[in-house]
Each structure stands twice: as C-alpha cells, then as structure tokens.
>>> print(open('structure-v2.txt').read())   # compact mmCIF, C-alpha atoms
# COMPACT_ATOMS: atom_id res chain seq x y z
CA MET F 101 -111.78 -179.82 35.11
CA ARG F 102 -108.51 -179.22 33.27
CA ILE F 103 -107.51 -176.58 35.88
CA LEU F 104 -108.23 -179.05 38.70
CA ILE F 105 -106.02 -181.71 37.09
CA LYS F 106 -103.15 -179.21 36.69
CA TYR F 107 -103.53 -178.13 40.33
CA GLN F 108 -103.41 -181.74 41.55
CA TYR F 109 -100.33 -182.39 39.39
CA LEU F 110 -98.55 -179.34 40.83
CA MET F 111 -99.41 -180.37 44.38
CA LYS F 112 -97.89 -183.80 43.78
CA LEU F 113 -94.70 -182.14 42.53
CA VAL F 114 -94.54 -179.96 45.63
CA GLU F 115 -94.99 -183.00 47.88
CA ARG F 116 -92.11 -184.73 46.11
CA MET F 117 -89.73 -181.74 46.31
CA PRO F 118 -88.24 -182.49 49.77
CA ARG F 119 -87.43 -186.04 48.66
CA VAL F 120 -85.80 -184.75 45.46
CA CYS F 121 -83.71 -182.19 47.35
CA LYS F 122 -82.63 -184.79 49.87
CA ALA F 123 -81.68 -187.23 47.15
CA THR F 124 -79.64 -184.74 45.16
CA SER F 125 -77.87 -183.03 48.09
CA GLY F 126 -75.52 -185.92 48.67
CA PRO F 127 -74.62 -187.70 51.90
CA GLU F 128 -71.65 -185.46 52.65
CA ARG F 129 -73.50 -182.21 53.48
CA SER F 130 -77.09 -181.25 54.11
CA LEU F 131 -78.67 -178.19 52.58
CA GLN F 132 -78.93 -176.51 55.98
CA GLU F 133 -75.22 -177.02 56.66
CA ARG F 134 -74.30 -175.41 53.37
CA GLN F 135 -76.60 -172.46 54.04
CA LYS F 136 -75.03 -172.00 57.47
CA GLN F 137 -71.55 -171.98 55.98
CA HIS F 138 -72.56 -169.41 53.37
CA MET F 139 -74.05 -167.20 56.10
CA ALA F 140 -70.92 -167.45 58.26
CA ARG F 141 -68.74 -166.65 55.26
CA GLY F 142 -70.65 -163.40 54.74
CA LEU F 143 -70.34 -162.15 58.33
CA PRO F 144 -67.48 -159.76 59.16
CA LYS F 145 -64.76 -160.95 61.51
CA GLN F 146 -64.72 -159.26 64.89
CA LYS F 147 -61.73 -157.04 65.49
CA PRO F 148 -60.97 -155.38 68.84
CA ILE F 149 -60.84 -151.60 69.05
CA ALA F 150 -57.21 -150.53 69.39
CA GLY F 151 -56.30 -149.75 73.00
CA VAL F 152 -59.66 -150.82 74.46
CA LYS F 153 -59.79 -153.74 76.88
CA GLN F 154 -63.55 -154.17 77.30
CA VAL F 155 -66.56 -152.78 75.45
CA ILE F 156 -69.86 -152.30 77.27
CA VAL F 157 -72.94 -151.42 75.24
CA VAL F 158 -75.86 -149.61 76.85
CA ALA F 159 -79.06 -150.26 74.95
CA SER F 160 -82.83 -150.00 75.07
CA GLY F 161 -85.57 -151.22 72.83
CA LYS F 162 -87.35 -147.88 73.05
CA GLY F 163 -86.26 -144.24 73.08
CA GLY F 164 -87.02 -141.92 75.97
CA VAL F 165 -86.23 -144.33 78.80
CA GLY F 166 -83.03 -142.56 79.94
CA LYS F 167 -80.52 -144.74 78.13
CA SER F 168 -78.00 -142.00 77.31
CA THR F 169 -78.21 -140.49 80.80
CA THR F 170 -77.59 -143.95 82.21
CA ALA F 171 -74.65 -144.55 79.86
CA VAL F 172 -72.97 -141.28 80.90
CA ASN F 173 -73.47 -141.82 84.63
CA LEU F 174 -72.39 -145.45 84.30
CA ALA F 175 -69.10 -144.36 82.72
CA LEU F 176 -68.57 -141.74 85.43
CA GLY F 177 -69.57 -144.26 88.08
CA LEU F 178 -66.93 -146.70 86.86
CA THR F 179 -64.20 -144.10 87.33
CA ALA F 180 -65.68 -142.87 90.63
CA ASN F 181 -65.60 -146.40 92.04
CA ASP F 182 -62.06 -147.04 90.83
CA PRO F 183 -60.06 -143.95 89.77
CA SER F 184 -57.31 -146.19 88.40
CA LYS F 185 -59.63 -147.32 85.59
CA THR F 186 -59.80 -145.36 82.35
CA VAL F 187 -63.22 -145.10 80.69
CA GLY F 188 -64.41 -143.65 77.39
CA ILE F 189 -67.84 -143.02 75.85
CA LEU F 190 -68.80 -143.61 72.23
CA ASP F 191 -72.10 -142.15 71.07
CA ALA F 192 -73.39 -144.58 68.44
CA ASP F 193 -76.75 -142.83 68.05
CA VAL F 194 -75.99 -141.23 64.70
CA TYR F 195 -79.45 -139.74 64.15
CA GLY F 196 -79.91 -138.35 67.66
CA PRO F 197 -76.56 -137.88 69.43
CA SER F 198 -76.99 -136.92 73.09
CA ILE F 199 -73.49 -137.23 74.53
CA PRO F 200 -72.32 -133.70 73.53
CA LYS F 201 -75.16 -132.16 75.55
CA LEU F 202 -74.92 -134.54 78.50
CA MET F 203 -71.13 -134.13 78.78
CA SER F 204 -71.14 -130.39 77.98
CA LEU F 205 -68.84 -130.78 75.00
CA LYS F 206 -68.63 -128.79 71.78
CA GLY F 207 -66.20 -128.54 68.92
CA ASN F 208 -64.58 -130.65 66.25
CA PRO F 209 -62.10 -133.42 67.03
CA GLU F 210 -58.47 -132.75 66.17
CA LEU F 211 -56.54 -135.20 64.02
CA THR F 212 -53.41 -137.06 65.05
CA ASP F 213 -50.40 -137.57 62.79
CA ASN F 214 -51.95 -140.93 61.87
CA ASN F 215 -55.13 -139.18 60.74
CA LEU F 216 -57.13 -140.47 63.70
CA MET F 217 -59.69 -138.33 65.52
CA ARG F 218 -58.88 -137.29 69.08
CA PRO F 219 -61.88 -137.68 71.41
CA LEU F 220 -63.13 -134.59 73.23
CA MET F 221 -62.61 -134.78 76.99
CA ASN F 222 -64.62 -133.74 80.04
CA PHE F 223 -64.72 -135.01 83.64
CA GLY F 224 -61.73 -137.18 82.70
CA ILE F 225 -63.79 -139.11 80.14
CA PRO F 226 -62.81 -139.10 76.43
CA CYS F 227 -65.93 -138.92 74.25
CA MET F 228 -66.66 -139.34 70.56
CA SER F 229 -69.97 -138.57 68.87
CA MET F 230 -71.43 -137.74 65.50
CA GLY F 231 -72.63 -134.61 67.27
CA PHE F 232 -69.04 -133.30 67.17
CA LEU F 233 -68.96 -133.60 63.39
CA VAL F 234 -72.21 -131.84 62.45
CA GLU F 235 -73.98 -128.64 63.44
CA ASP F 236 -76.08 -128.77 66.62
CA VAL F 237 -79.44 -128.52 64.87
CA ALA F 238 -78.48 -130.11 61.54
CA PRO F 239 -80.62 -133.17 60.76
CA ILE F 240 -78.73 -136.26 59.68
CA VAL F 241 -80.74 -137.55 56.72
CA TRP F 242 -78.74 -140.59 55.70
CA ARG F 243 -79.50 -143.98 54.27
CA GLY F 244 -78.26 -147.17 55.87
CA LEU F 245 -74.94 -147.45 54.00
CA MET F 246 -73.88 -143.94 55.01
CA VAL F 247 -74.78 -144.65 58.65
CA MET F 248 -72.76 -147.86 58.57
CA SER F 249 -69.79 -145.97 57.14
CA ALA F 250 -70.06 -143.38 59.92
CA ILE F 251 -70.20 -146.09 62.59
CA GLU F 252 -67.11 -147.74 61.11
CA LYS F 253 -65.23 -144.45 61.31
CA LEU F 254 -66.33 -143.85 64.91
CA LEU F 255 -65.16 -147.33 65.83
CA ARG F 256 -61.89 -147.53 63.90
CA GLN F 257 -60.66 -143.99 63.24
CA VAL F 258 -60.53 -142.67 66.81
CA ASP F 259 -57.42 -142.51 68.97
CA TRP F 260 -58.81 -143.78 72.28
CA GLY F 261 -55.42 -144.21 73.91
CA LEU F 262 -55.59 -146.98 76.53
CA LEU F 263 -59.02 -147.67 78.00
CA ASP F 264 -60.16 -150.26 80.50
CA TYR F 265 -63.79 -149.73 79.45
CA LEU F 266 -65.44 -148.17 76.43
CA VAL F 267 -69.13 -147.50 77.08
CA ILE F 268 -71.11 -147.37 73.84
CA ASP F 269 -74.40 -145.50 73.94
CA MET F 270 -76.43 -147.44 71.38
CA PRO F 271 -79.37 -146.02 69.44
CA PRO F 272 -82.80 -147.32 70.50
CA GLY F 273 -84.19 -150.36 68.76
CA THR F 274 -82.67 -153.44 67.14
CA GLY F 275 -81.55 -152.26 63.73
CA ASP F 276 -78.52 -151.99 61.46
CA VAL F 277 -76.29 -150.08 63.89
CA GLN F 278 -76.74 -152.64 66.66
CA LEU F 279 -75.99 -155.52 64.31
CA SER F 280 -73.01 -153.76 62.75
CA ILE F 281 -71.37 -153.03 66.10
CA THR F 282 -71.99 -156.47 67.61
CA GLN F 283 -70.72 -158.23 64.48
CA ASN F 284 -67.59 -156.09 64.09
CA VAL F 285 -66.43 -155.57 67.68
CA PRO F 286 -66.04 -158.05 70.57
CA ILE F 287 -68.57 -156.92 73.19
CA ALA F 288 -67.92 -157.79 76.84
CA GLY F 289 -71.57 -157.31 77.75
CA ALA F 290 -74.80 -155.40 77.22
CA VAL F 291 -76.70 -153.30 79.76
CA ILE F 292 -80.43 -153.00 79.01
CA VAL F 293 -82.17 -149.84 80.25
CA SER F 294 -85.93 -149.73 80.71
CA THR F 295 -88.61 -148.07 82.76
CA PRO F 296 -91.03 -150.34 84.66
CA GLN F 297 -93.79 -149.52 82.16
CA ASP F 298 -95.18 -152.49 80.21
CA ILE F 299 -94.82 -150.85 76.79
CA ALA F 300 -91.13 -150.11 77.44
CA LEU F 301 -90.52 -153.61 78.79
CA LEU F 302 -91.82 -155.19 75.58
CA ASP F 303 -89.12 -153.44 73.56
CA ALA F 304 -86.50 -154.01 76.26
CA ARG F 305 -87.11 -157.73 75.93
CA ARG F 306 -86.66 -157.53 72.16
CA GLY F 307 -83.34 -155.78 72.73
CA ALA F 308 -82.16 -158.43 75.17
CA GLU F 309 -83.18 -161.24 72.83
CA MET F 310 -81.32 -159.58 69.95
CA PHE F 311 -78.07 -159.54 71.93
CA ARG F 312 -78.52 -163.19 72.80
CA LYS F 313 -78.98 -164.07 69.14
CA VAL F 314 -75.66 -162.42 68.27
CA ASN F 315 -73.92 -164.04 71.28
CA VAL F 316 -73.46 -160.88 73.34
CA PRO F 317 -73.81 -161.51 77.11
CA VAL F 318 -76.62 -159.52 78.73
CA LEU F 319 -75.12 -158.19 81.95
CA GLY F 320 -78.51 -157.21 83.33
CA ILE F 321 -81.28 -154.64 83.36
CA VAL F 322 -81.28 -151.14 84.81
CA GLN F 323 -84.74 -150.17 86.05
CA ASN F 324 -84.80 -146.45 85.34
CA MET F 325 -87.38 -143.98 86.70
CA SER F 326 -88.33 -146.68 89.19
CA VAL F 327 -90.02 -144.42 91.73
CA PHE F 328 -90.81 -140.73 92.28
CA GLN F 329 -90.41 -139.26 95.74
CA CYS F 330 -92.23 -136.02 96.45
CA PRO F 331 -89.66 -133.41 97.56
CA LYS F 332 -92.17 -131.88 99.98
CA CYS F 333 -93.82 -134.80 101.75
CA ASN F 334 -91.44 -137.64 100.69
CA HIS F 335 -94.38 -139.73 99.50
CA GLN F 336 -93.28 -142.30 96.93
CA THR F 337 -95.25 -142.83 93.72
CA HIS F 338 -94.54 -145.49 91.09
CA ILE F 339 -95.50 -143.38 88.07
CA PHE F 340 -94.43 -145.96 85.48
CA GLY F 341 -95.42 -149.02 87.51
CA ALA F 342 -93.62 -151.04 90.15
CA ASP F 343 -90.89 -153.62 89.58
CA GLY F 344 -91.75 -154.35 85.96
CA ALA F 345 -88.06 -154.63 85.06
CA ARG F 346 -87.54 -157.10 87.89
CA ALA F 347 -90.24 -159.34 86.47
CA LEU F 348 -88.61 -159.12 83.03
CA ALA F 349 -85.20 -159.92 84.52
CA ASP F 350 -86.66 -163.05 86.11
CA THR F 351 -88.19 -164.06 82.79
CA LEU F 352 -84.90 -163.60 80.95
CA GLY F 353 -82.81 -165.15 83.68
CA VAL F 354 -80.69 -162.04 84.22
CA GLN F 355 -80.24 -159.76 87.19
CA VAL F 356 -81.39 -156.24 87.90
CA LEU F 357 -78.24 -154.13 88.03
CA GLY F 358 -79.95 -151.37 89.96
CA ASP F 359 -82.89 -149.01 90.36
CA ILE F 360 -82.57 -145.36 89.35
CA PRO F 361 -85.23 -143.03 90.79
CA LEU F 362 -87.19 -140.46 88.83
CA HIS F 363 -85.60 -137.38 90.37
CA LEU F 364 -85.60 -133.73 89.41
CA SER F 365 -81.85 -133.32 89.99
CA ILE F 366 -81.00 -136.03 87.43
CA ARG F 367 -82.98 -134.18 84.76
CA GLU F 368 -81.70 -130.73 85.70
CA MET F 369 -78.04 -131.74 85.92
CA SER F 370 -78.26 -133.69 82.66
CA ASP F 371 -79.71 -130.67 80.84
CA ARG F 372 -76.85 -128.53 82.19
CA GLY F 373 -74.22 -131.01 81.06
CA GLN F 374 -73.28 -131.77 84.67
CA PRO F 375 -74.10 -135.45 85.26
CA VAL F 376 -75.31 -136.15 88.77
CA VAL F 377 -72.43 -138.53 89.57
CA VAL F 378 -69.97 -135.62 89.34
CA SER F 379 -72.23 -132.68 90.22
CA SER F 380 -73.85 -134.27 93.31
CA PRO F 381 -71.58 -137.18 94.22
CA ASP F 382 -73.00 -137.55 97.73
CA SER F 383 -76.64 -137.68 96.63
CA PRO F 384 -78.75 -140.88 96.69
CA GLU F 385 -79.13 -140.55 92.91
CA ALA F 386 -75.35 -140.62 92.34
CA GLU F 387 -75.07 -143.55 94.74
CA ALA F 388 -77.65 -145.43 92.68
CA TYR F 389 -75.55 -145.02 89.52
CA ARG F 390 -72.37 -146.06 91.34
CA LYS F 391 -74.15 -149.22 92.52
CA VAL F 392 -75.05 -149.98 88.91
CA ALA F 393 -71.39 -149.51 87.94
CA THR F 394 -70.33 -151.89 90.72
CA ALA F 395 -72.84 -154.50 89.57
CA VAL F 396 -71.63 -154.20 85.96
CA VAL F 397 -68.00 -154.80 86.97
CA GLN F 398 -69.02 -157.78 89.09
CA ARG F 399 -70.91 -159.31 86.16
CA LEU F 400 -67.93 -158.77 83.84
CA GLU F 401 -65.66 -160.49 86.34
CA GLU F 402 -68.07 -163.42 86.61
CA LEU F 403 -68.14 -163.82 82.84
CA SER F 404 -64.36 -163.63 82.47
CA GLY F 405 -63.63 -165.80 85.50
>>> encode(input="structure-v2.txt", output="structure tokens")
Amino acid sequence: MRILIKYQYLMKLVERMPRVCKATSGPERSLQERQKQHMARGLPKQKPIAGVKQVIVVASGKGGVGKSTTAVNLALGLTANDPSKTVGILDADVYGPSIPKLMSLKGNPELTDNNLMRPLMNFGIPCMSMGFLVEDVAPIVWRGLMVMSAIEKLLRQVDWGLLDYLVIDMPPGTGDVQLSITQNVPIAGAVIVSTPQDIALLDARRGAEMFRKVNVPVLGIVQNMSVFQCPKCNHQTHIFGADGARALADTLGVQVLGDIPLHLSIREMSDRGQPVVVSSPDSPEAEAYRKVATAVVQRLEELSG
C-alpha cells in the first residue's frame, strides 16, 4: 500500500513537471530555443578550402556499390567535357583508401615551403589520400578523434592550387567523417551512388536523408551496375534489379544523374589504375560517365542560378 501511494505521488510530480518548466523558463525564451542556440554554438563554422571553388561529395550508404570508381570517373569526366576546368580528388575514406589504386599513384606527398602537402598527380588530376601516407597493406586502426584529425589535415594542409571542382570520395555510411566534412566545409552538392538492389537502396536513402539534415543539396543519384550485357550474344540482364534507383529518386524528389552498366572493362581498367574515361574514351561506358558529369554540372548551375 505504501509503495502504491509513493508511486501515485511520483506520477503526479511527473505530470506537473511540464507546467513547472514552462513557468520557470520565462516569457523571453523557451527551453527549445535555448537548446537550439547551445547546439549552434557548438557547431564548427564552415570555412572554404583554399583555392577550391566548388566541392562535390560522392557518397553511398553501403560499401561495394562502385562509389570510388564513380568518383574517379566523374572527376575525369568533368575535365573531359571541359578541359578548361581544373579538378582534384580527395580520398576521405581513411580506413579503406581506394584512390591510389584507381589512379595508379604511389609515393609520399612532398611538402611546400608553407609545410603543405603537394597532391600526387595523374591524368591531369591532383589527388590526396591517406593511402599516400601509410604502407599499402598497413591497417589503419584508429579511434574517432585520430580519424577526425587526419580528415582535418587532408582538408586544410594540402596545396590544391586553383581548382574549379574538388571531388571528395566519402567513406560509406553516415558517420563521423561525413558529419565532420559537411560541418567544416561548404559543399556545393552530393552525388549518391547505388546499385538498383533493394538492400543498397535502403542505405542510399539514409545517406541522402543525412545530407538533407545537414543542409547539403543532393544533386541526384547514380544508378551503378544498372544492367549487364552479355559480350557474346548482347542479351541484357538486370542482375541487381531494374530501375530501383529511379524509384528512390522519385521518392526523394531528386533526379537520376545517369546509369552506369555492369561491364567487364570498367572493372579491368579500374584494377589496372586506368579509369575507363581515359583508357577507353570512345566506349559506351566512358560516355555514360561523361553524361553523369554533364548532369552534375547542370545541377550545380541550377542551384547557383
């Protein structure tokens, strides 16, 4: 009986708590407004990367969907479409850097007189990656603070020169690195890469929603590995499903930037460090990437216009 009375007394106190809080908060500011101000005070101020006009992030909710290959061929497609534009690539995937392999680059960056790292260059594209700073097979076993410190150095301690576009190859998922970059650097837009498979689309949607929450425009979705065409009989097979990314784009209210086929030459050329846009520029696969690059530029112009 005594326990029941105490429980009822506590419940009455809980019911009265909102009224007490409202009465003591004062008419000038609500509790929610104060919390919002405290949150905003704790966020870092965005600062542009020196010499870079526009930053494009290439992201995916899930690994293994061809995000890094898309990022590399997007960067090369931007320069192929307009040779007057200068483009760089930043590999922000600290734990699993792919850009050194995809761009056939090895070695350590040199330092300028200002103690900034010089990006390594291939195919006319300056590149920076954690893969240039560690051994090829060395695992990076770091906690969050060390990863954030590395990202800050890759963003701020690199001499990019003058770039029209910096393409950032983001790690998969929606974690600390994504938040750190979007909160510290003004992002012109995000490109979401996904296969048409349902399980990949679930994570792609999470990635798109994350960018919206941090006020980064989603330029659109790239539907990667959209179709496989048999090299012998030319029969087309939708191995990962058909048009799943298009359905997601409709749901999110964004456009599909392009379809990239599942083609042997893309895989072979990527493994050799010879991206298909430069190794087979006249192929349908290279044309598909150039169309994506065109669509990205058009979306950026729409947003800035």
>>> atom_distance(input="structure-v2.txt", atom1="atom CA of F:Ser370", atom2="atom CA of F:Gly231")
16.4 Å
>>> residues_around(input="structure-v2.txt", residues="F:Val327", least_positions_apart="6", cutoff="10 Å", atoms="all atoms listed in the file", output="PyMOL selection string")
chain F and resi 295-296+336-343+359-363
>>> residues_around(input="structure-v2.txt", residues="F:Ile299", least_positions_apart="6", cutoff="12 Å", atoms="all atoms listed in the file", output="ChimeraX atom specification")
/F:161-165,305-306,340-341,344-345
>>> axis_aligned_box(input="structure-v2.txt", around="stretch 331-338 of chain F", padding_each_side="5 Å", output="AutoDock Vina command-line options")
--center_x -92.5 --center_y -138.7 --center_z 96.4 --size_x 15.6 --size_y 23.6 --size_z 20.7
>>> closest_residue(input="structure-v2.txt", among="F:Thr169, F:Ser380, F:Gln355, F:Asn215", to="F:Arg399", atoms="only C-alpha atoms")
F:Gln355
>>> atom_distance(input="structure-v2.txt", atom1="atom CA of F:Ser326", atom2="atom CA of F:Arg312")
25.2 Å
>>> closest_atom_pairs(input="structure-v2.txt", of="stretch 275-323 of chain F", to="stretch 259-271 of chain F", cutoff="9 Å", atoms="all atoms listed in the file", output="JSON lines")
{"residue": "F:Gly275", "atom": "CA", "partner": "F:Pro271", "partner_atom": "CA", "distance": 8.7}
{"residue": "F:Val277", "atom": "CA", "partner": "F:Pro271", "partner_atom": "CA", "distance": 7.5}
{"residue": "F:Gln278", "atom": "CA", "partner": "F:Met270", "partner_atom": "CA", "distance": 7.0}
>>> residues_around(input="structure-v2.txt", residues="F:Val392", least_positions_apart="6", cutoff="10 Å", atoms="all atoms listed in the file", output="PyMOL selection string")
chain F and resi 170+173-174+177-178+291+320-322+356-360+386+398
>>> atom_distance(input="structure-v2.txt", atom1="atom CA of F:Asn334", atom2="atom CA of F:Met369")
20.8 Å
>>> closest_residue(input="structure-v2.txt", among="F:Val258, F:Met325, F:Leu403, F:Ala288", to="F:Ala388", atoms="all atoms listed in the file")
F:Met325
>>> closest_residue(input="structure-v2.txt", among="F:Ala175, F:Val247, F:Leu352, F:Val152", to="F:Ile225", atoms="only C-alpha atoms")
F:Ala175
>>> residues_near_point(input="structure-v2.txt", point="(-87.2, -161.4, 79.0)", cutoff="8 Å", atoms="all atoms listed in the file", output="list in words")
Ala304, Arg305, Arg306, Ala308, Glu309, Leu348, Ala349, Asp350, Thr351, Leu352 and Gly353 of chain F
>>> residues_around(input="structure-v2.txt", residues="F:Ile251", least_positions_apart="4", cutoff="10 Å", atoms="all atoms listed in the file", output="list of chain:residue names")
F:Asp191, F:Ala192, F:Asp193, F:Val194, F:Ser229, F:Met230, F:Leu245, F:Met246, F:Val247, F:Leu255, F:Arg256, F:Gln257, F:Val277, F:Ser280, F:Ile281
>>> closest_residue(input="structure-v2.txt", among="F:Pro209, F:Pro226, F:Pro286, F:Gly273", to="F:Leu302", atoms="only C-alpha atoms")
F:Gly273
>>> closest_residue(input="structure-v2.txt", among="F:Pro317, F:Thr274, F:Arg243, F:Leu233", to="F:Ser404", atoms="all atoms listed in the file")
F:Pro317
>>> closest_residue(input="structure-v2.txt", among="F:Val396, F:Gly224, F:Asp382, F:Val293", to="F:Val155", atoms="only C-alpha atoms")
F:Val396
>>> decode(input="structure-v2.txt", residues="stretch 148-164 of chain F", atoms="N, CA, C and O atoms", output="PDB file, in the first residue's frame")
ATOM      1  N   PRO F 148      35.804  27.665 -46.395  1.00  0.00           N
ATOM      2  CA  PRO F 148      36.154  27.103 -47.705  1.00  0.00           C
ATOM      3  C   PRO F 148      37.579  26.567 -47.731  1.00  0.00           C
ATOM      4  O   PRO F 148      38.451  27.022 -46.996  1.00  0.00           O
ATOM      5  N   ILE F 149      37.805  25.579 -48.598  1.00  0.00           N
ATOM      6  CA  ILE F 149      39.151  25.062 -48.811  1.00  0.00           C
ATOM      7  C   ILE F 149      39.888  26.030 -49.735  1.00  0.00           C
ATOM      8  O   ILE F 149      39.366  26.410 -50.790  1.00  0.00           O
ATOM      9  N   ALA F 150      41.072  26.438 -49.344  1.00  0.00           N
ATOM     10  CA  ALA F 150      41.827  27.442 -50.092  1.00  0.00           C
ATOM     11  C   ALA F 150      42.018  27.016 -51.548  1.00  0.00           C
ATOM     12  O   ALA F 150      42.507  25.912 -51.820  1.00  0.00           O
ATOM     13  N   GLY F 151      41.632  27.890 -52.466  1.00  0.00           N
ATOM     14  CA  GLY F 151      41.836  27.648 -53.887  1.00  0.00           C
ATOM     15  C   GLY F 151      40.758  26.829 -54.573  1.00  0.00           C
ATOM     16  O   GLY F 151      40.798  26.651 -55.791  1.00  0.00           O
ATOM     17  N   VAL F 152      39.787  26.313 -53.814  1.00  0.00           N
ATOM     18  CA  VAL F 152      38.757  25.434 -54.378  1.00  0.00           C
ATOM     19  C   VAL F 152      37.444  26.200 -54.522  1.00  0.00           C
ATOM     20  O   VAL F 152      36.932  26.757 -53.552  1.00  0.00           O
ATOM     21  N   LYS F 153      36.902  26.206 -55.741  1.00  0.00           N
ATOM     22  CA  LYS F 153      35.645  26.909 -55.980  1.00  0.00           C
ATOM     23  C   LYS F 153      34.435  26.125 -55.501  1.00  0.00           C
ATOM     24  O   LYS F 153      33.572  26.654 -54.802  1.00  0.00           O
ATOM     25  N   GLN F 154      34.340  24.859 -55.909  1.00  0.00           N
ATOM     26  CA  GLN F 154      33.179  24.051 -55.544  1.00  0.00           C
ATOM     27  C   GLN F 154      33.611  22.649 -55.103  1.00  0.00           C
ATOM     28  O   GLN F 154      34.497  22.048 -55.715  1.00  0.00           O
ATOM     29  N   VAL F 155      32.959  22.168 -54.056  1.00  0.00           N
ATOM     30  CA  VAL F 155      33.243  20.831 -53.525  1.00  0.00           C
ATOM     31  C   VAL F 155      32.048  19.926 -53.818  1.00  0.00           C
ATOM     32  O   VAL F 155      30.906  20.259 -53.499  1.00  0.00           O
ATOM     33  N   ILE F 156      32.330  18.784 -54.438  1.00  0.00           N
ATOM     34  CA  ILE F 156      31.308  17.784 -54.733  1.00  0.00           C
ATOM     35  C   ILE F 156      31.659  16.524 -53.956  1.00  0.00           C
ATOM     36  O   ILE F 156      32.768  16.003 -54.088  1.00  0.00           O
ATOM     37  N   VAL F 157      30.738  16.051 -53.142  1.00  0.00           N
ATOM     38  CA  VAL F 157      30.983  14.813 -52.412  1.00  0.00           C
ATOM     39  C   VAL F 157      30.261  13.662 -53.120  1.00  0.00           C
ATOM     40  O   VAL F 157      29.138  13.813 -53.574  1.00  0.00           O
ATOM     41  N   VAL F 158      30.959  12.538 -53.222  1.00  0.00           N
ATOM     42  CA  VAL F 158      30.372  11.326 -53.804  1.00  0.00           C
ATOM     43  C   VAL F 158      30.232  10.327 -52.670  1.00  0.00           C
ATOM     44  O   VAL F 158      31.224   9.959 -52.029  1.00  0.00           O
ATOM     45  N   ALA F 159      29.006   9.910 -52.412  1.00  0.00           N
ATOM     46  CA  ALA F 159      28.733   9.116 -51.220  1.00  0.00           C
ATOM     47  C   ALA F 159      27.832   7.928 -51.537  1.00  0.00           C
ATOM     48  O   ALA F 159      27.183   7.874 -52.588  1.00  0.00           O
ATOM     49  N   SER F 160      27.811   6.995 -50.592  1.00  0.00           N
ATOM     50  CA  SER F 160      26.896   5.861 -50.663  1.00  0.00           C
ATOM     51  C   SER F 160      26.613   5.410 -49.250  1.00  0.00           C
ATOM     52  O   SER F 160      27.441   5.571 -48.357  1.00  0.00           O
ATOM     53  N   GLY F 161      25.441   4.862 -49.039  1.00  0.00           N
ATOM     54  CA  GLY F 161      25.148   4.355 -47.711  1.00  0.00           C
ATOM     55  C   GLY F 161      25.847   3.041 -47.438  1.00  0.00           C
ATOM     56  O   GLY F 161      26.066   2.681 -46.290  1.00  0.00           O
ATOM     57  N   LYS F 162      26.220   2.330 -48.488  1.00  0.00           N
ATOM     58  CA  LYS F 162      26.783   0.988 -48.358  1.00  0.00           C
ATOM     59  C   LYS F 162      28.061   0.870 -49.175  1.00  0.00           C
ATOM     60  O   LYS F 162      28.170   1.486 -50.248  1.00  0.00           O
ATOM     61  N   GLY F 163      29.015   0.086 -48.693  1.00  0.00           N
ATOM     62  CA  GLY F 163      30.227  -0.171 -49.453  1.00  0.00           C
ATOM     63  C   GLY F 163      29.987  -1.187 -50.558  1.00  0.00           C
ATOM     64  O   GLY F 163      29.013  -1.943 -50.532  1.00  0.00           O
ATOM     65  N   GLY F 164      30.865  -1.192 -51.549  1.00  0.00           N
ATOM     66  CA  GLY F 164      30.788  -2.190 -52.599  1.00  0.00           C
ATOM     67  C   GLY F 164      29.841  -1.873 -53.731  1.00  0.00           C
ATOM     68  O   GLY F 164      29.531  -2.758 -54.544  1.00  0.00           O
TER      69      GLY F 164
END
